[in-house]
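Enquirer: Let me begin by handing over the structure; questions about it come next.
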Amino acid sequence: MVQVEFVWCYGGTQVFLYDSFSGWSEGMPMSLIEGSSTVFTAVRDLPPGRHQFKFLVDNVWRIDDRLSFRQDNTYGTISNFILVTEQGLITPIIESFTPSMVIANEIPQPILEVSSSSAVQQGPVLSLPVSDMYATRLHLSMHMSSYTTYDLLPESSEVIALDVNMDVEEAFSVMYRKGLAVLPIWDAPSRRISGMLTASDFIFILLKIHQRRAVLTNVMHEMRTISTLKEGKLEFRREGASSSSLAYRSLVQAGPDESLLDLAHRIVQYRISAVPILDSAEDGSCPKLLHVACLGGILKHICRHLGDRLEYLPLLQQPVGSLRLGTWRADGGSSGPFLLTLRPRELLGYALHLFIEAQISAVPIVDDEGALLNVFSRSDITSLTNGSVHAQIQLDQRTIAEALALVDGGAHNRYQICEPSDSLHKVMELLSDPVVRRIIVINSDNKHVEGIITLRDVFTFLLS
């Protein structure tokens with residue numbers, strides 16, 4: 001038997017895994033991983049061979065359309081497929097299946113509703129041979145395989161971890177002052193890094209206040225520390241799932257000897273923004289927090305080492321407008337997710353719900369003509385701790401423009417702009433700046449927003 005990890009990256013309250021090996025008879029509960037509000041995982045022992053699987057998300061049948069899938073001609077059911085080899089390798093099945101191909105012993109399931117996961121990015125339209133595309137991706141993979149997370153460690157830096165019993169208001173204030181979107185949580189009794197505090201946690205508090213129409217002091221009394229905040233957030237999800245079995249999975253972390261390729265795959269797969277690098281002593285003593293790694297650090301390493309070898313990386317010379325990686329404005333024949341934008345006068349509460357429901361980290365703010373004015377992101381929410389503005393916050397009264405006015409002027413460097421004709425390499429160079437988290441693609445003639453490209457979009461595209 002081979003241990004296979006299944007991942008559902010698209011959110012939900014309660015997620016179950018069903019597969020053909022179990023006869024579709026009993027769903028396996030999937031656990032939400034620590035540090036993410038959308039990624040669920042489950043580990044299953046499977047024998048070598050071809051297996052079908054699907055997900056039951058909030059009582060709706062779903063598939064992951066990033067993976068291979070087929071429709072059964074007899075029953076009309078749709079399932080994902082994987083191939084487990086005798087060597088223990090799990091390989092996605094990439095060949096095409098015809099409707100006449102029926103898997104032996106498949107037991108059909110009643111379909112409540114079948115929908116795809118909505119792919120994270122649109123398919124590229126390349127103007128170069130497939131061999132050049134493959135060569136670029138192979139070259140980048142070999143480079144990342146040749147270096148470890150230890151190579152990301154700066155010569156001198158400050159590594160911050162927050163005590164699990166720290167006052168939650170002070171914790172978010174630290175995040176704001178340091179300009180950080182995520183911080184590790186230190187659990188002294190167990191002598192380990194137990195989780196990550198993110199801007200999404202602060203959004204949870206604000207939405208909880210708004211939902212109850214309560215005053216902040218009452219909610220903060222219930223979630224006074226980081227520990228009680230995390231417990232309250234988990235309990236909230238349990239109530240929504242009507243199940244006490246829902247639990248966080250252990251922290252996603254990495255060691256200093258793991259390759260950059262493995263680290264990048266892990267961040268992309270689990271849809272998290274950062275991973276703590278921990279050096280565990282052989283004697284079992286307290287692990288040492290060395291660094292908090294993110295995709296931006298990996299990209300900076302790639303650009304520093306491969307910037308003068310572009311002749312061997314033809315894919316990076318292609319214009320992003322032809323690759324269409326990321327999310328783009330709806331136009332005619334476009335497919336996949338379309339770009340979401342907001343006006344400055346939109347209410348803050350609407351933007352926060354959009355972050356959660358659409359599972360996005362930022363949204364461009366445009367004028368009535370569609371020209372770019374600013375970008376509002378999840379990490380900007382912590383600016384509300386400045387001067388304790390959050391103590392009087394009313395999500396249904398305060399606008400996005402008012403919230404952005406609280407963001408430090410220097411924070412506007414957190415995004416950069418490019419044009420559809422700019423190369424992928426230029427976008428990578430811009431994103432390699434640790435302050436920059438996303439690129440807004442604009443039309444040079446009218447400044448209209450055409451698309452948005454994030455670090456995750458770039459790595460998803462390069463690693464695919």
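By order in the structure tokens, chains are A, B, ...; within a chain, residues start at 1; ligands start at 1, following the order shown.
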Dump as a Markdown table the rows for residues of segment 345-388 of chain A within 7 Å of segment 394-402 of chain A: closest atom pair and distance in Å with one decimal, only C-alpha atoms counted, ordered by chain and rising residue number.

Expert:
| residue | atom | partner | partner_atom | distance |
| --- | --- | --- | --- | --- |
| A:Arg345 | CA | A:Thr399 | CA | 5.5 |
| A:Glu346 | CA | A:Thr399 | CA | 5.6 |
| A:Leu347 | CA | A:Thr399 | CA | 4.3 |
| A:Leu348 | CA | A:Thr399 | CA | 5.0 |
| A:Gly349 | CA | A:Leu395 | CA | 4.4 |

Enquirer: Nearest to Met428 of chain A: which of A:Asn374, A:Thr382, A:Gln317, A:Ser227 is it, counting only C-alpha atoms?

Expert: A:Gln317

Enquirer: Within 10 Å of Ser173 of chain A, counting only C-alpha atoms, which residues show up once you throw out same-chain ones fewer than 3 positions away? Write them as a list of chain:residue names, please.

Expert: A:Asp167, A:Val168, A:Glu169, A:Glu170, A:Tyr176, A:Arg177, A:Lys178, A:Gly179, A:Thr382, A:Ser383, A:Leu384, A:Thr385, A:Asn386, A:Gly387, A:Ser388

Enquirer: Can you list every residue in segment 277-338 of chain A that DSSP puts in strand (DSSP E), as a list in words?

Expert: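 Selecting the strand (DSSP E) positions of segment 277-338 of chain A gives Ile277, Leu278, Asp279, Lys288, Leu289, Leu290, His291, Val292, Ala293, Thr327 and Trp328 of chain A.
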
Enquirer: Please save all heavy atoms of the selected residues as a compact mmCIF listing (two decimals), in the first residue's frame.

Expert:
# COMPACT_ATOMS: atom_id res chain seq x y z
N ILE A 277 10.89 27.95 8.43
CA ILE A 277 12.03 27.03 8.25
C ILE A 277 12.56 26.70 9.64
O ILE A 277 13.06 27.59 10.35
CB ILE A 277 13.13 27.66 7.39
CG1 ILE A 277 12.55 28.17 6.06
CG2 ILE A 277 14.24 26.66 7.13
CD1 ILE A 277 11.86 27.12 5.23
N LEU A 278 12.44 25.44 10.03
CA LEU A 278 12.81 25.01 11.38
C LEU A 278 13.97 24.03 11.32
O LEU A 278 13.97 23.09 10.53
CB LEU A 278 11.62 24.36 12.07
CG LEU A 278 10.35 25.22 12.19
CD1 LEU A 278 9.21 24.41 12.81
CD2 LEU A 278 10.62 26.46 13.02
N ASP A 279 14.95 24.26 12.18
CA ASP A 279 16.10 23.36 12.30
C ASP A 279 15.90 22.53 13.56
O ASP A 279 16.03 23.02 14.68
CB ASP A 279 17.39 24.17 12.40
CG ASP A 279 18.63 23.29 12.33
OD1 ASP A 279 18.47 22.09 12.04
OD2 ASP A 279 19.74 23.81 12.57
N LYS A 288 14.81 25.26 16.21
CA LYS A 288 15.19 26.66 16.05
C LYS A 288 14.53 27.24 14.81
O LYS A 288 14.61 26.68 13.73
CB LYS A 288 16.72 26.77 15.93
CG LYS A 288 17.23 28.20 15.84
CD LYS A 288 18.74 28.23 15.77
CE LYS A 288 19.26 29.67 15.70
NZ LYS A 288 20.75 29.69 15.60
N LEU A 289 13.87 28.38 15.00
CA LEU A 289 13.25 29.08 13.87
C LEU A 289 14.32 29.87 13.13
O LEU A 289 14.89 30.82 13.67
CB LEU A 289 12.14 30.01 14.37
CG LEU A 289 11.46 30.90 13.32
CD1 LEU A 289 10.75 30.05 12.27
CD2 LEU A 289 10.48 31.87 13.98
N LEU A 290 14.62 29.47 11.90
CA LEU A 290 15.68 30.11 11.13
C LEU A 290 15.16 31.22 10.23
O LEU A 290 15.84 32.24 10.04
CB LEU A 290 16.39 29.06 10.26
CG LEU A 290 17.02 27.87 10.97
CD1 LEU A 290 17.62 26.91 9.95
CD2 LEU A 290 18.08 28.35 11.96
N HIS A 291 13.96 31.03 9.68
CA HIS A 291 13.50 31.95 8.65
C HIS A 291 12.03 31.67 8.37
O HIS A 291 11.51 30.61 8.72
CB HIS A 291 14.33 31.73 7.37
CG HIS A 291 14.07 32.70 6.27
ND1 HIS A 291 14.18 34.06 6.41
CD2 HIS A 291 13.70 32.50 4.96
CE1 HIS A 291 13.89 34.65 5.27
NE2 HIS A 291 13.60 33.73 4.38
N VAL A 292 11.35 32.63 7.78
CA VAL A 292 10.00 32.41 7.27
C VAL A 292 10.08 32.59 5.75
O VAL A 292 10.28 33.71 5.26
CB VAL A 292 8.99 33.39 7.88
CG1 VAL A 292 7.60 33.15 7.28
CG2 VAL A 292 8.94 33.22 9.40
N ALA A 293 9.99 31.49 5.03
CA ALA A 293 10.21 31.50 3.58
C ALA A 293 8.90 31.72 2.84
O ALA A 293 7.83 31.27 3.26
CB ALA A 293 10.84 30.18 3.14
N THR A 327 -5.11 36.35 -13.52
CA THR A 327 -6.53 36.60 -13.71
C THR A 327 -6.71 37.84 -14.56
O THR A 327 -6.07 38.87 -14.31
CB THR A 327 -7.23 36.79 -12.35
OG1 THR A 327 -6.91 35.67 -11.51
CG2 THR A 327 -8.73 36.88 -12.51
N TRP A 328 -7.60 37.75 -15.57
CA TRP A 328 -7.72 38.82 -16.55
C TRP A 328 -9.16 39.30 -16.67
O TRP A 328 -10.11 38.59 -16.31
CB TRP A 328 -7.20 38.36 -17.91
CG TRP A 328 -5.71 38.13 -17.90
CD1 TRP A 328 -5.06 37.09 -17.32
CD2 TRP A 328 -4.72 38.98 -18.45
NE1 TRP A 328 -3.70 37.23 -17.48
CE2 TRP A 328 -3.46 38.38 -18.18
CE3 TRP A 328 -4.74 40.18 -19.16
CZ2 TRP A 328 -2.26 38.95 -18.58
CZ3 TRP A 328 -3.55 40.74 -19.57
CH2 TRP A 328 -2.32 40.14 -19.27

Enquirer: Just give me the gap between atom CA of Ile365 of chain A and atom CA of Leu455 of chain A in Å, one decimal is fine.

Expert: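 Computed distance, atom CA of Ile365 of chain A to atom CA of Leu455 of chain A, equals 19.5 Å.
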
Enquirer: So that I can check the surroundings of segment 269-273 of chain A, please list as a VMD selection string every protein, DNA and RNA residue that reaches within 10 Å of it, counting only C-alpha atoms and ignoring chain neighbours fewer than 3 positions away.

Expert: chain A and resid 7 to 10 33 to 41 181 to 182 198 252 263 to 266 292 to 296 361 455 to 456 460

Enquirer: Can those selected residues be exported to a file as a PDB file, in the first residue's frame so that it contains N, CA and C atoms?

Expert:
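So part-v7.pdb came out as:
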ATOM      1  N   VAL A   7      -5.600  16.684  -1.752  1.00  0.00           N
ATOM      2  CA  VAL A   7      -5.706  18.086  -1.354  1.00  0.00           C
ATOM      3  C   VAL A   7      -6.885  18.736  -2.068  1.00  0.00           C
ATOM      4  N   TRP A   8      -7.724  19.421  -1.307  1.00  0.00           N
ATOM      5  CA  TRP A   8      -8.794  20.260  -1.860  1.00  0.00           C
ATOM      6  C   TRP A   8      -8.459  21.704  -1.505  1.00  0.00           C
ATOM      7  N   CYS A   9      -8.242  22.556  -2.523  1.00  0.00           N
ATOM      8  CA  CYS A   9      -7.708  23.905  -2.312  1.00  0.00           C
ATOM      9  C   CYS A   9      -8.745  25.010  -2.430  1.00  0.00           C
ATOM     10  N   TYR A  10     -10.021  24.676  -2.485  1.00  0.00           N
ATOM     11  CA  TYR A  10     -10.998  25.682  -2.888  1.00  0.00           C
ATOM     12  C   TYR A  10     -12.041  26.003  -1.822  1.00  0.00           C
ATOM     13  N   ILE A  33      -5.883  22.729   6.920  1.00  0.00           N
ATOM     14  CA  ILE A  33      -4.512  22.857   7.390  1.00  0.00           C
ATOM     15  C   ILE A  33      -4.332  24.172   8.142  1.00  0.00           C
ATOM     16  N   GLU A  34      -3.414  24.180   9.079  1.00  0.00           N
ATOM     17  CA  GLU A  34      -3.122  25.384   9.843  1.00  0.00           C
ATOM     18  C   GLU A  34      -2.519  26.447   8.924  1.00  0.00           C
ATOM     19  N   GLY A  35      -2.984  27.672   9.066  1.00  0.00           N
ATOM     20  CA  GLY A  35      -2.461  28.776   8.277  1.00  0.00           C
ATOM     21  C   GLY A  35      -3.226  29.031   6.999  1.00  0.00           C
ATOM     22  N   SER A  36      -4.264  28.229   6.722  1.00  0.00           N
ATOM     23  CA  SER A  36      -5.055  28.416   5.508  1.00  0.00           C
ATOM     24  C   SER A  36      -6.532  28.279   5.855  1.00  0.00           C
ATOM     25  N   SER A  37      -7.355  29.061   5.173  1.00  0.00           N
ATOM     26  CA  SER A  37      -8.800  28.970   5.381  1.00  0.00           C
ATOM     27  C   SER A  37      -9.495  28.250   4.234  1.00  0.00           C
ATOM     28  N   THR A  38      -8.716  27.727   3.286  1.00  0.00           N
ATOM     29  CA  THR A  38      -9.319  27.132   2.091  1.00  0.00           C
ATOM     30  C   THR A  38      -8.791  25.749   1.734  1.00  0.00           C
ATOM     31  N   VAL A  39      -7.684  25.308   2.331  1.00  0.00           N
ATOM     32  CA  VAL A  39      -7.028  24.073   1.890  1.00  0.00           C
ATOM     33  C   VAL A  39      -7.296  22.939   2.874  1.00  0.00           C
ATOM     34  N   PHE A  40      -7.892  21.856   2.370  1.00  0.00           N
ATOM     35  CA  PHE A  40      -8.185  20.668   3.154  1.00  0.00           C
ATOM     36  C   PHE A  40      -7.339  19.503   2.633  1.00  0.00           C
ATOM     37  N   THR A  41      -6.927  18.611   3.532  1.00  0.00           N
ATOM     38  CA  THR A  41      -6.127  17.453   3.118  1.00  0.00           C
ATOM     39  C   THR A  41      -6.614  16.188   3.824  1.00  0.00           C
ATOM     40  N   ALA A 181       2.552  40.191   6.707  1.00  0.00           N
ATOM     41  CA  ALA A 181       1.223  39.631   6.500  1.00  0.00           C
ATOM     42  C   ALA A 181       1.023  38.323   7.240  1.00  0.00           C
ATOM     43  N   VAL A 182       2.102  37.733   7.763  1.00  0.00           N
ATOM     44  CA  VAL A 182       2.017  36.460   8.468  1.00  0.00           C
ATOM     45  C   VAL A 182       3.173  36.378   9.464  1.00  0.00           C
ATOM     46  N   THR A 198      -2.260  35.226  10.646  1.00  0.00           N
ATOM     47  CA  THR A 198      -2.373  35.859   9.336  1.00  0.00           C
ATOM     48  C   THR A 198      -3.385  36.990   9.371  1.00  0.00           C
ATOM     49  N   VAL A 252       2.274  23.377   8.401  1.00  0.00           N
ATOM     50  CA  VAL A 252       3.098  23.120   7.222  1.00  0.00           C
ATOM     51  C   VAL A 252       4.426  23.827   7.425  1.00  0.00           C
ATOM     52  N   LEU A 263       9.949  23.145  -1.651  1.00  0.00           N
ATOM     53  CA  LEU A 263       9.345  24.233  -0.895  1.00  0.00           C
ATOM     54  C   LEU A 263       8.319  24.978  -1.738  1.00  0.00           C
ATOM     55  N   ALA A 264       8.670  25.278  -2.990  1.00  0.00           N
ATOM     56  CA  ALA A 264       7.744  25.993  -3.881  1.00  0.00           C
ATOM     57  C   ALA A 264       6.489  25.163  -4.128  1.00  0.00           C
ATOM     58  N   HIS A 265       6.664  23.874  -4.387  1.00  0.00           N
ATOM     59  CA  HIS A 265       5.516  22.995  -4.594  1.00  0.00           C
ATOM     60  C   HIS A 265       4.603  22.992  -3.370  1.00  0.00           C
ATOM     61  N   ARG A 266       5.192  22.975  -2.189  1.00  0.00           N
ATOM     62  CA  ARG A 266       4.403  22.909  -0.962  1.00  0.00           C
ATOM     63  C   ARG A 266       3.577  24.181  -0.765  1.00  0.00           C
ATOM     64  N   VAL A 292      11.352  32.625   7.775  1.00  0.00           N
ATOM     65  CA  VAL A 292      10.001  32.413   7.265  1.00  0.00           C
ATOM     66  C   VAL A 292      10.084  32.590   5.748  1.00  0.00           C
ATOM     67  N   ALA A 293       9.988  31.486   5.035  1.00  0.00           N
ATOM     68  CA  ALA A 293      10.208  31.496   3.582  1.00  0.00           C
ATOM     69  C   ALA A 293       8.902  31.717   2.839  1.00  0.00           C
ATOM     70  N   CYS A 294       9.009  32.400   1.710  1.00  0.00           N
ATOM     71  CA  CYS A 294       7.847  32.652   0.861  1.00  0.00           C
ATOM     72  C   CYS A 294       8.271  32.538  -0.606  1.00  0.00           C
ATOM     73  N   LEU A 295       7.295  32.584  -1.491  1.00  0.00           N
ATOM     74  CA  LEU A 295       7.593  32.464  -2.916  1.00  0.00           C
ATOM     75  C   LEU A 295       8.448  33.623  -3.418  1.00  0.00           C
ATOM     76  N   GLY A 296       8.280  34.804  -2.813  1.00  0.00           N
ATOM     77  CA  GLY A 296       9.088  35.954  -3.231  1.00  0.00           C
ATOM     78  C   GLY A 296      10.569  35.720  -3.032  1.00  0.00           C
ATOM     79  N   SER A 361      -6.620  37.366  -2.544  1.00  0.00           N
ATOM     80  CA  SER A 361      -5.817  38.078  -1.551  1.00  0.00           C
ATOM     81  C   SER A 361      -5.843  39.587  -1.761  1.00  0.00           C
ATOM     82  N   LEU A 455       2.473  36.170  -7.150  1.00  0.00           N
ATOM     83  CA  LEU A 455       3.575  35.222  -7.039  1.00  0.00           C
ATOM     84  C   LEU A 455       3.080  33.791  -7.251  1.00  0.00           C
ATOM     85  N   ARG A 456       1.937  33.479  -6.676  1.00  0.00           N
ATOM     86  CA  ARG A 456       1.397  32.135  -6.818  1.00  0.00           C
ATOM     87  C   ARG A 456       1.080  31.824  -8.282  1.00  0.00           C
ATOM     88  N   THR A 460       2.686  28.677 -10.143  1.00  0.00           N
ATOM     89  CA  THR A 460       1.747  27.677 -10.648  1.00  0.00           C
ATOM     90  C   THR A 460       1.982  27.441 -12.132  1.00  0.00           C
TER      91      THR A 460
END
